file structure_7.cif (mmCIF, C-alpha atoms)
data_work
loop_
_atom_site.label_atom_id
_atom_site.label_comp_id
_atom_site.auth_asym_id
_atom_site.auth_seq_id
_atom_site.Cartn_x
_atom_site.Cartn_y
_atom_site.Cartn_z
CA ALA A 22 -117.87 -93.11 -53.79
CA LEU A 23 -117.18 -96.59 -55.10
CA GLU A 24 -120.90 -97.39 -55.06
CA GLN A 25 -121.70 -94.32 -57.22
CA ILE A 26 -119.11 -95.34 -59.79
CA VAL A 27 -120.56 -98.84 -60.04
CA ARG A 28 -124.09 -97.46 -60.50
CA ALA A 29 -122.92 -95.10 -63.24
CA MET A 30 -121.26 -97.96 -65.09
CA LEU A 31 -124.38 -100.12 -64.90
CA ALA A 32 -126.80 -97.35 -65.80
CA PRO A 33 -128.42 -97.72 -69.27
CA GLY A 34 -126.95 -95.47 -71.94
CA ALA A 35 -123.71 -95.00 -70.10
CA THR A 36 -120.75 -94.71 -72.42
CA SER A 37 -117.07 -94.55 -71.94
CA ALA A 38 -117.08 -90.90 -72.93
CA SER A 39 -119.68 -89.98 -70.36
CA MET A 40 -117.81 -91.91 -67.74
CA SER A 41 -114.59 -90.23 -68.56
CA ALA A 42 -116.24 -86.84 -68.47
CA ARG A 43 -117.31 -87.25 -64.90
CA PRO A 44 -114.70 -86.37 -62.30
CA SER A 45 -113.29 -89.30 -60.42
CA PRO A 46 -114.35 -89.33 -56.82
CA ILE A 47 -111.28 -91.36 -55.76
CA ARG A 48 -108.94 -89.47 -53.43
CA ARG A 49 -105.50 -90.36 -52.12
CA VAL A 50 -105.65 -90.88 -48.40
CA THR A 51 -102.51 -90.92 -46.24
CA VAL A 52 -102.78 -93.30 -43.34
CA PRO A 53 -100.48 -92.48 -40.38
CA ARG A 54 -98.14 -95.25 -39.35
CA ARG A 55 -98.72 -96.67 -35.93
CA ARG A 56 -95.78 -97.64 -33.74
CA VAL A 57 -95.82 -101.28 -32.73
CA HIS A 58 -95.84 -101.70 -28.97
CA GLY A 59 -92.42 -102.86 -27.71
CA ALA A 60 -90.55 -102.03 -30.91
CA ARG A 61 -87.24 -100.16 -30.51
CA ARG A 62 -86.90 -96.86 -32.31
CA PRO A 63 -83.74 -96.61 -34.39
CA ALA A 64 -80.96 -94.58 -32.85
CA SER A 65 -81.20 -92.05 -35.69
CA MET A 66 -84.89 -91.37 -34.84
CA ASP A 67 -84.40 -91.02 -31.07
CA PRO A 68 -83.79 -87.34 -30.30
CA ASP A 69 -82.62 -88.08 -26.76
CA LYS A 70 -79.76 -90.40 -27.76
CA PRO A 71 -77.17 -89.47 -30.38
CA ALA A 72 -76.38 -92.11 -32.97
CA ARG A 73 -73.39 -94.29 -32.01
CA ARG A 74 -70.51 -93.92 -34.39
CA LYS A 75 -68.50 -96.85 -35.63
CA ASN A 76 -65.11 -97.64 -34.01
CA VAL A 77 -66.01 -95.50 -31.00
CA ALA A 78 -66.04 -96.77 -27.41
CA ARG A 79 -67.72 -95.19 -24.38
CA VAL A 80 -65.55 -95.21 -21.25
CA PRO A 81 -65.87 -93.57 -17.81
CA ARG A 82 -64.33 -90.14 -17.60
CA ALA A 83 -60.97 -89.79 -15.89
CA THR A 84 -61.05 -88.84 -12.22
CA GLY A 85 -58.76 -86.47 -10.38
CA ASP A 86 -56.54 -87.14 -7.38
CA ASP A 87 -59.37 -86.30 -5.01
CA GLY A 88 -61.53 -89.04 -6.51
CA GLU A 89 -63.97 -86.63 -8.21
CA ASP A 90 -64.59 -86.39 -11.92
CA ALA A 91 -62.09 -84.01 -13.43
CA ARG A 92 -64.29 -83.18 -16.44
CA GLY A 93 -67.80 -83.77 -15.21
CA ALA A 94 -69.77 -86.91 -14.47
CA GLY A 95 -70.69 -89.45 -17.12
CA GLU A 96 -68.83 -91.08 -19.96
CA GLU A 97 -66.77 -89.97 -22.92
CA GLU A 98 -66.38 -91.34 -26.41
CA ILE A 99 -62.91 -92.34 -27.60
CA THR A 100 -61.69 -94.12 -30.68
CA ALA A 101 -60.34 -97.66 -30.66
CA ALA A 102 -56.80 -96.36 -31.23
CA GLU A 103 -57.08 -94.06 -28.21
CA ALA A 104 -58.37 -96.94 -26.06
CA ALA A 105 -55.38 -99.09 -27.08
CA ARG A 106 -52.98 -96.25 -26.29
CA ARG A 107 -54.48 -95.77 -22.83
CA ALA A 108 -54.25 -99.51 -22.13
CA ASP A 109 -50.55 -99.56 -23.06
CA ALA A 110 -49.90 -96.53 -20.85
CA ALA A 111 -51.64 -98.23 -17.92
CA ILE A 112 -49.50 -101.35 -18.37
CA ASN A 113 -46.30 -99.29 -18.47
CA VAL A 114 -47.26 -97.45 -15.29
CA LYS A 115 -47.92 -100.76 -13.54
CA LYS A 116 -44.52 -102.07 -14.58
CA ARG A 117 -42.78 -98.95 -13.31
CA GLY A 118 -44.66 -99.38 -10.05
CA GLY A 119 -42.92 -102.67 -9.26
CA ALA A 120 -44.59 -105.34 -11.39
CA ARG A 121 -42.27 -108.13 -12.47
CA ARG A 122 -40.86 -107.60 -15.95
CA ALA A 123 -40.31 -110.48 -18.32
CA ASP A 124 -36.80 -111.82 -17.90
CA SER A 125 -34.68 -113.66 -20.48
CA THR A 126 -36.26 -117.04 -19.72
CA ASP A 127 -39.77 -115.70 -20.35
CA ALA A 128 -38.61 -113.97 -23.54
CA VAL A 129 -37.07 -117.15 -24.95
CA ALA A 130 -40.14 -119.21 -24.06
CA THR A 131 -42.44 -116.67 -25.69
CA PHE A 132 -40.35 -116.53 -28.86
CA LEU A 133 -40.13 -120.31 -29.22
CA THR A 134 -43.83 -120.78 -28.58
CA ARG A 135 -44.81 -118.19 -31.16
CA ARG A 136 -42.29 -119.44 -33.71
CA PHE A 137 -42.62 -123.21 -33.32
CA GLY A 138 -45.86 -123.59 -31.40
CA ILE A 139 -46.33 -125.73 -28.31
CA ALA A 140 -43.43 -127.99 -29.36
CA GLY A 141 -40.98 -125.10 -29.01
CA GLY A 142 -42.29 -124.24 -25.55
CA LEU A 143 -42.02 -127.85 -24.41
CA ALA A 144 -38.47 -128.08 -25.75
CA TRP A 145 -37.44 -124.99 -23.77
CA LEU A 146 -39.14 -126.45 -20.67
CA GLY A 147 -37.00 -129.55 -21.10
CA VAL A 148 -33.83 -127.44 -21.25
CA LEU A 149 -34.78 -125.62 -18.03
CA THR A 150 -35.64 -128.90 -16.30
CA PHE A 151 -32.27 -130.33 -17.29
CA GLY A 152 -30.52 -127.26 -15.86
CA VAL A 153 -32.35 -127.49 -12.53
CA VAL A 154 -31.76 -131.23 -12.17
CA SER A 155 -28.08 -130.94 -13.09
CA GLU A 156 -27.61 -128.15 -10.53
CA GLN A 157 -29.22 -130.27 -7.82
CA LEU A 158 -27.00 -133.21 -8.71
CA LYS A 159 -23.95 -130.94 -8.61
CA THR A 160 -24.91 -129.65 -5.18
CA ARG A 161 -25.40 -133.16 -3.84
CA ARG A 162 -22.03 -134.22 -5.27
CA GLU A 163 -20.30 -131.25 -3.63
CA VAL A 164 -21.93 -132.02 -0.27
CA ARG A 165 -20.89 -135.68 -0.53
CA GLU A 166 -17.30 -134.79 -1.46
CA ALA A 167 -17.10 -132.24 1.37
CA ARG A 168 -18.30 -134.87 3.84
CA GLU A 169 -15.89 -137.49 2.56
CA ASN A 170 -12.85 -135.16 2.55
CA THR A 171 -13.51 -133.65 5.98
CA LYS A 172 -11.04 -134.96 8.56
CA ASP A 173 -10.66 -134.45 12.28
CA VAL A 174 -7.35 -133.10 13.56
CA ALA A 175 -5.72 -135.49 16.02
CA ASP A 176 -2.92 -133.21 17.25
CA ALA A 177 -4.43 -129.72 17.25
CA LYS A 178 -1.98 -126.81 17.57
CA GLU A 179 -2.75 -123.15 18.08
CA VAL A 180 -1.63 -120.79 15.32
CA THR A 181 -1.07 -117.04 15.78
CA THR A 182 -1.33 -114.79 12.74
CA ALA A 183 0.50 -111.53 12.10
CA SER A 184 -2.58 -109.54 13.10
CA GLY A 185 -2.69 -111.17 16.54
CA LEU A 186 -5.51 -113.60 15.74
CA ARG A 187 -5.21 -117.06 17.30
CA TYR A 188 -6.97 -120.19 16.05
CA THR A 189 -6.89 -123.95 16.53
CA ASP A 190 -8.26 -126.36 13.93
CA LEU A 191 -10.42 -129.14 15.33
CA ARG A 192 -11.62 -130.38 11.95
CA VAL A 193 -10.35 -129.59 8.45
CA GLY A 194 -13.17 -129.23 5.96
CA GLY A 195 -13.17 -130.72 2.48
CA GLY A 196 -15.71 -128.48 0.79
CA GLU A 197 -15.78 -125.12 -0.94
CA ILE A 198 -13.47 -122.24 0.04
CA PRO A 199 -15.27 -119.00 1.02
CA ARG A 200 -14.94 -116.07 -1.37
CA ASN A 201 -16.09 -112.48 -1.10
CA GLY A 202 -19.84 -112.27 -1.56
CA TYR A 203 -20.51 -115.96 -0.91
CA LEU A 204 -23.30 -116.92 1.46
CA LEU A 205 -22.10 -118.88 4.49
CA ALA A 206 -23.90 -120.81 7.20
CA ALA A 207 -22.22 -121.56 10.50
CA ASN A 208 -22.78 -122.88 13.99
CA LEU A 209 -21.28 -120.44 16.45
CA VAL A 210 -20.62 -120.41 20.19
CA ALA A 211 -19.08 -117.16 21.47
CA THR A 212 -17.76 -116.79 25.02
CA ILE A 213 -15.77 -114.14 26.88
CA ASP A 214 -12.16 -115.24 27.15
CA GLY A 215 -11.17 -115.56 30.80
CA THR A 216 -14.69 -115.66 32.29
CA GLY A 217 -16.37 -118.17 29.99
CA ASP A 218 -19.64 -116.17 29.85
CA VAL A 219 -21.69 -117.26 26.84
CA VAL A 220 -22.86 -114.36 24.68
CA LEU A 221 -24.02 -116.36 21.65
CA ASP A 222 -24.91 -120.06 21.17
CA THR A 223 -26.58 -121.20 17.95
CA ARG A 224 -26.25 -124.89 18.82
CA ARG A 225 -28.56 -124.40 21.79
CA THR A 226 -31.28 -122.89 19.61
CA ASN A 227 -30.46 -125.16 16.64
CA ARG A 228 -30.52 -122.11 14.35
CA GLN A 229 -27.44 -121.52 12.27
CA VAL A 230 -26.21 -118.04 11.42
CA ILE A 231 -26.34 -116.98 7.75
CA PHE A 232 -23.92 -114.23 6.69
CA THR A 233 -22.10 -112.84 3.66
CA PHE A 234 -18.38 -113.43 3.61
CA GLY A 235 -16.31 -110.24 3.44
CA LYS A 236 -18.90 -108.03 5.18
CA PRO A 237 -18.36 -107.82 8.95
CA GLN A 238 -21.72 -107.72 10.71
CA GLY A 239 -23.05 -108.63 14.13
CA PRO A 240 -20.83 -111.22 15.82
CA PHE A 241 -18.76 -111.65 12.65
CA THR A 242 -16.02 -109.10 13.21
CA ARG A 243 -12.85 -108.55 11.18
CA GLY A 244 -11.08 -111.21 13.21
CA VAL A 245 -13.81 -113.78 12.56
CA MET A 246 -13.74 -113.01 8.84
CA GLU A 247 -9.98 -113.52 8.81
CA ALA A 248 -10.39 -116.89 10.50
CA VAL A 249 -13.21 -118.00 8.18
CA GLY A 250 -11.12 -117.07 5.14
CA GLY A 251 -8.73 -119.94 5.88
CA MET A 252 -11.43 -122.58 6.34
CA ARG A 253 -13.41 -124.87 4.03
CA GLN A 254 -16.98 -126.09 4.18
CA GLY A 255 -17.26 -128.68 6.94
CA GLY A 256 -14.34 -127.27 8.94
CA ARG A 257 -14.35 -126.35 12.63
CA ARG A 258 -11.87 -124.24 14.59
CA ILE A 259 -11.48 -122.37 17.85
CA VAL A 260 -10.80 -118.68 17.22
CA VAL A 261 -9.58 -116.17 19.79
CA VAL A 262 -10.25 -112.60 18.64
CA PRO A 263 -8.48 -109.72 20.46
CA PRO A 264 -10.33 -106.41 20.98
CA GLY A 265 -8.47 -104.78 18.09
CA LEU A 266 -9.98 -107.30 15.65
CA GLY A 267 -13.26 -107.60 17.55
CA PHE A 268 -15.59 -105.13 19.21
CA GLY A 269 -12.86 -102.77 20.45
CA ASP A 270 -13.49 -100.48 23.39
CA GLU A 271 -17.25 -100.50 22.91
CA GLY A 272 -19.49 -103.08 24.51
CA VAL A 273 -22.09 -104.83 22.36
CA ARG A 274 -25.20 -106.82 23.11
CA LEU A 275 -25.46 -110.22 21.38
CA GLN A 276 -28.21 -112.82 21.45
CA ASP A 277 -27.36 -114.47 24.79
CA GLY A 278 -25.26 -111.85 26.56
CA THR A 279 -23.21 -108.66 26.47
CA VAL A 280 -19.60 -108.35 25.37
CA PRO A 281 -17.82 -105.92 27.73
CA ALA A 282 -15.68 -103.12 26.36
CA GLY A 283 -12.13 -104.23 25.53
CA ALA A 284 -12.96 -107.93 25.95
CA THR A 285 -11.32 -110.79 24.06
CA VAL A 286 -13.89 -113.15 22.56
CA ARG A 287 -13.41 -116.88 21.97
CA TYR A 288 -15.40 -118.47 19.15
CA ASP A 289 -16.17 -122.14 18.52
CA LEU A 290 -16.88 -121.83 14.80
CA GLU A 291 -18.18 -124.61 12.52
CA LEU A 292 -18.61 -123.74 8.83
CA THR A 293 -21.53 -125.86 7.59
CA ARG A 294 -22.32 -124.32 4.21
CA VAL A 295 -20.58 -122.29 1.52
CA SER A 296 -22.65 -121.36 -1.52
CA VAL A 297 -22.65 -118.92 -4.41
CA PRO A 298 -25.24 -116.16 -3.86
CA PRO A 299 -28.28 -116.22 -6.17
CA SER A 300 -27.98 -113.85 -9.12
#
call {"tool": "encode", "arguments": {"input": "structure_7.cif", "output": "structure tokens"}}
result
Amino acid sequence: ALEQIVRAMLAPGATSASMSARPSPIRRVTVPRRRVHGARRPASMDPDKPARRKNVARVPRATGDDGEDARGAGEEEITAAEAARRADAAINVKKRGGARRADSTDAVATFLTRRFGIAGGLAWLGVLTFGVVSEQLKTRREVREARENTKDVADAKEVTTASGLRYTDLRVGGGEIPRNGYLLAANLVATIDGTGDVVLDTRRTNRQVIFTFGKPQGPFTRGVMEAVGGMRQGGRRIVVVPPGLGFGDEGVRLQDGTVPAGATVRYDLELTRVSVPPS
């Protein structure tokens, strides 16, 4: 077609009018676009995949108690706000399940760090360090004073209380006085009065007994608690507990032997530690 037009223009006697009178052989041809190999089709042109919406996340569907999908297999689309809400709910459930909650120390450290930066956090760390060191120094001072003020009794005499408890001080302690709820550590040798049978000996095993003052338990009967109430840390006394303040008419099995029913028990009791229970 192009060749015919050129010939018509070059032909002798050809005018612009004659050229314009002839119909133009030029036609508009639409060439189909070819897809480049390896190119990715836009999401809007892919009929198999729906277009992803903004601010939408795809997460696995929730499963039931039996482990199977409660709403069918696959994923679901949720908004960013819904994802944040589900994350907060999961954290709350974990906390209710026994995870450690932030205590006052963590809260103060977080506030100072956010308000004053790393300097605030370091300042709070210094305060905590000072508290720990001062508590350790206080404990060492109390132990030293208890050791210095503890004195052996040269002329020991037996004392009988109104309840029928008998005790003899071998060493008067110089430390802390026991109070209800305090944690106490003691070396204890318990024997049956009259026969001398050993039913408990912590010195032999080198394992002291830890107990809470004011709560009779195990070998620490009401009579033992009454005797310990008049002692100080570092003290040692011989305590004779009648059946009415001890195990009564029922026999009991202790670590190294059995206490017969209605037996009187003699204790060699040494109070080695008196401390405030941890809060």
call {"tool": "resolve_selection", "arguments": {"input": "structure_7.cif", "expression": "the PyMOL selection byres ((chain A and resi 261) around 6)", "output": "list in words"}}
result
Arg187, Val260, Val262, Val286 and Arg287 of chain A
call {"tool": "residues_around", "arguments": {"input": "structure_7.cif", "residues": "A:Asp214", "least_positions_apart": "4", "cutoff": "12 Å", "atoms": "only C-alpha atoms", "output": "list in words"}}
result
Asp218, Val219, Val220, Ile259, Val260, Val261, Val262, Pro263, Pro264, Val280, Pro281, Gly283, Ala284, Thr285, Val286, Arg287, Tyr288 and Asp289 of chain A
call {"tool": "resolve_selection", "arguments": {"input": "structure_7.cif", "expression": "the PyMOL selection byres ((chain A and resi 193) around 6)", "output": "ChimeraX atom specification"}}
result
/A:171-172,192,194,256
call {"tool": "axis_aligned_box", "arguments": {"input": "structure_7.cif", "around": "stretch 178-193 of chain A", "padding_each_side": "8 Å", "output": "JSON"}}
result
{"center_x": -5.6, "center_y": -120.0, "center_z": 13.3, "size_x": 28.1, "size_y": 36.8, "size_z": 25.6}
call {"tool": "residues_around", "arguments": {"input": "structure_7.cif", "residues": "A:Met252", "least_positions_apart": "2", "cutoff": "12 Å", "atoms": "only C-alpha atoms", "output": "MDAnalysis selection string"}}
result
chainID A and resid 171 188:200 205 207 234 245:250 254:260 290:295
call {"tool": "write_last_selection", "arguments": {"input": "structure_7.cif", "atoms": "C-alpha atoms", "output": "PDB file, keeping the file's coordinate frame"}}
result
ATOM      1  CA  THR A 171     -13.510-133.650   5.980  1.00  0.00           C
ATOM      2  CA  TYR A 188      -6.970-120.190  16.050  1.00  0.00           C
ATOM      3  CA  THR A 189      -6.890-123.950  16.530  1.00  0.00           C
ATOM      4  CA  ASP A 190      -8.260-126.360  13.930  1.00  0.00           C
ATOM      5  CA  LEU A 191     -10.420-129.140  15.330  1.00  0.00           C
ATOM      6  CA  ARG A 192     -11.620-130.380  11.950  1.00  0.00           C
ATOM      7  CA  VAL A 193     -10.350-129.590   8.450  1.00  0.00           C
ATOM      8  CA  GLY A 194     -13.170-129.230   5.960  1.00  0.00           C
ATOM      9  CA  GLY A 195     -13.170-130.720   2.480  1.00  0.00           C
ATOM     10  CA  GLY A 196     -15.710-128.480   0.790  1.00  0.00           C
ATOM     11  CA  GLU A 197     -15.780-125.120  -0.940  1.00  0.00           C
ATOM     12  CA  ILE A 198     -13.470-122.240   0.040  1.00  0.00           C
ATOM     13  CA  PRO A 199     -15.270-119.000   1.020  1.00  0.00           C
ATOM     14  CA  ARG A 200     -14.940-116.070  -1.370  1.00  0.00           C
ATOM     15  CA  LEU A 205     -22.100-118.880   4.490  1.00  0.00           C
ATOM     16  CA  ALA A 207     -22.220-121.560  10.500  1.00  0.00           C
ATOM     17  CA  PHE A 234     -18.380-113.430   3.610  1.00  0.00           C
ATOM     18  CA  VAL A 245     -13.810-113.780  12.560  1.00  0.00           C
ATOM     19  CA  MET A 246     -13.740-113.010   8.840  1.00  0.00           C
ATOM     20  CA  GLU A 247      -9.980-113.520   8.810  1.00  0.00           C
ATOM     21  CA  ALA A 248     -10.390-116.890  10.500  1.00  0.00           C
ATOM     22  CA  VAL A 249     -13.210-118.000   8.180  1.00  0.00           C
ATOM     23  CA  GLY A 250     -11.120-117.070   5.140  1.00  0.00           C
ATOM     24  CA  GLN A 254     -16.980-126.090   4.180  1.00  0.00           C
ATOM     25  CA  GLY A 255     -17.260-128.680   6.940  1.00  0.00           C
ATOM     26  CA  GLY A 256     -14.340-127.270   8.940  1.00  0.00           C
ATOM     27  CA  ARG A 257     -14.350-126.350  12.630  1.00  0.00           C
ATOM     28  CA  ARG A 258     -11.870-124.240  14.590  1.00  0.00           C
ATOM     29  CA  ILE A 259     -11.480-122.370  17.850  1.00  0.00           C
ATOM     30  CA  VAL A 260     -10.800-118.680  17.220  1.00  0.00           C
ATOM     31  CA  LEU A 290     -16.880-121.830  14.800  1.00  0.00           C
ATOM     32  CA  GLU A 291     -18.180-124.610  12.520  1.00  0.00           C
ATOM     33  CA  LEU A 292     -18.610-123.740   8.830  1.00  0.00           C
ATOM     34  CA  THR A 293     -21.530-125.860   7.590  1.00  0.00           C
ATOM     35  CA  ARG A 294     -22.320-124.320   4.210  1.00  0.00           C
ATOM     36  CA  VAL A 295     -20.580-122.290   1.520  1.00  0.00           C
TER      37      VAL A 295
END
call {"tool": "resolve_selection", "arguments": {"input": "structure_7.cif", "expression": "the PyMOL selection byres ((chain A and resi 203) around 6)", "output": "ChimeraX atom specification"}}
result
/A:200-202,204,233-234,296-298
call {"tool": "residues_near_point", "arguments": {"input": "structure_7.cif", "point": "(-20.0, -109.5, 13.3)", "cutoff": "12 Å", "atoms": "only C-alpha atoms", "output": "PyMOL selection string"}}
result
chain A and resi 209+211+221+230-247+262+266-268+273-275+286+288
call {"tool": "atom_distance", "arguments": {"input": "structure_7.cif", "atom1": "atom CA of A:Arg135", "atom2": "atom CA of A:Leu149"}}
result
18.1 Å
call {"tool": "atom_distance", "arguments": {"input": "structure_7.cif", "atom1": "atom CA of A:Leu186", "atom2": "atom CA of A:Glu271"}}
result
19.0 Å
call {"tool": "closest_residue", "arguments": {"input": "structure_7.cif", "among": "A:Glu169, A:Arg161, A:Asp176, A:Gly278", "to": "A:Thr212", "atoms": "all atoms listed in the file"}}
result
A:Gly278
call {"tool": "closest_residue", "arguments": {"input": "structure_7.cif", "among": "A:Gly185, A:Glu166, A:Asn208, A:Ala128", "to": "A:Arg228", "atoms": "only C-alpha atoms"}}
result
A:Asn208
call {"tool": "decode", "arguments": {"input": "structure_7.cif", "residues": "stretch 163-192 of chain A", "atoms": "C-alpha atoms", "output": "PDB file, in the first residue's frame"}}
result
ATOM      1  CA  GLU A 163      23.150  -8.523 113.490  1.00  0.00           C
ATOM      2  CA  VAL A 164      25.006 -11.841 113.205  1.00  0.00           C
ATOM      3  CA  ARG A 165      28.156 -10.281 114.692  1.00  0.00           C
ATOM      4  CA  GLU A 166      26.235  -8.696 117.580  1.00  0.00           C
ATOM      5  CA  ALA A 167      24.399 -11.963 118.276  1.00  0.00           C
ATOM      6  CA  ARG A 168      27.713 -13.817 118.396  1.00  0.00           C
ATOM      7  CA  GLU A 169      29.319 -11.241 120.656  1.00  0.00           C
ATOM      8  CA  ASN A 170      26.373 -11.056 123.092  1.00  0.00           C
ATOM      9  CA  THR A 171      25.856 -14.818 123.358  1.00  0.00           C
ATOM     10  CA  LYS A 172      27.054 -16.139 126.713  1.00  0.00           C
ATOM     11  CA  ASP A 173      27.287 -19.601 128.207  1.00  0.00           C
ATOM     12  CA  VAL A 174      25.485 -20.246 131.491  1.00  0.00           C
ATOM     13  CA  ALA A 175      27.874 -21.381 134.206  1.00  0.00           C
ATOM     14  CA  ASP A 176      25.315 -22.388 136.835  1.00  0.00           C
ATOM     15  CA  ALA A 177      22.374 -23.788 134.860  1.00  0.00           C
ATOM     16  CA  LYS A 178      19.102 -24.238 136.763  1.00  0.00           C
ATOM     17  CA  GLU A 179      15.939 -25.952 135.618  1.00  0.00           C
ATOM     18  CA  VAL A 180      12.839 -23.773 135.362  1.00  0.00           C
ATOM     19  CA  THR A 181       9.257 -25.104 135.414  1.00  0.00           C
ATOM     20  CA  THR A 182       6.536 -23.011 133.800  1.00  0.00           C
ATOM     21  CA  ALA A 183       2.861 -22.844 134.756  1.00  0.00           C
ATOM     22  CA  SER A 184       1.952 -25.173 131.897  1.00  0.00           C
ATOM     23  CA  GLY A 185       4.274 -27.899 133.195  1.00  0.00           C
ATOM     24  CA  LEU A 186       7.087 -27.258 130.706  1.00  0.00           C
ATOM     25  CA  ARG A 187      10.621 -27.626 132.067  1.00  0.00           C
ATOM     26  CA  TYR A 188      13.728 -26.078 130.529  1.00  0.00           C
ATOM     27  CA  THR A 189      17.372 -25.434 131.387  1.00  0.00           C
ATOM     28  CA  ASP A 190      19.413 -22.741 129.654  1.00  0.00           C
ATOM     29  CA  LEU A 191      22.874 -23.837 128.560  1.00  0.00           C
ATOM     30  CA  ARG A 192      23.608 -20.709 126.545  1.00  0.00           C
TER      31      ARG A 192
END
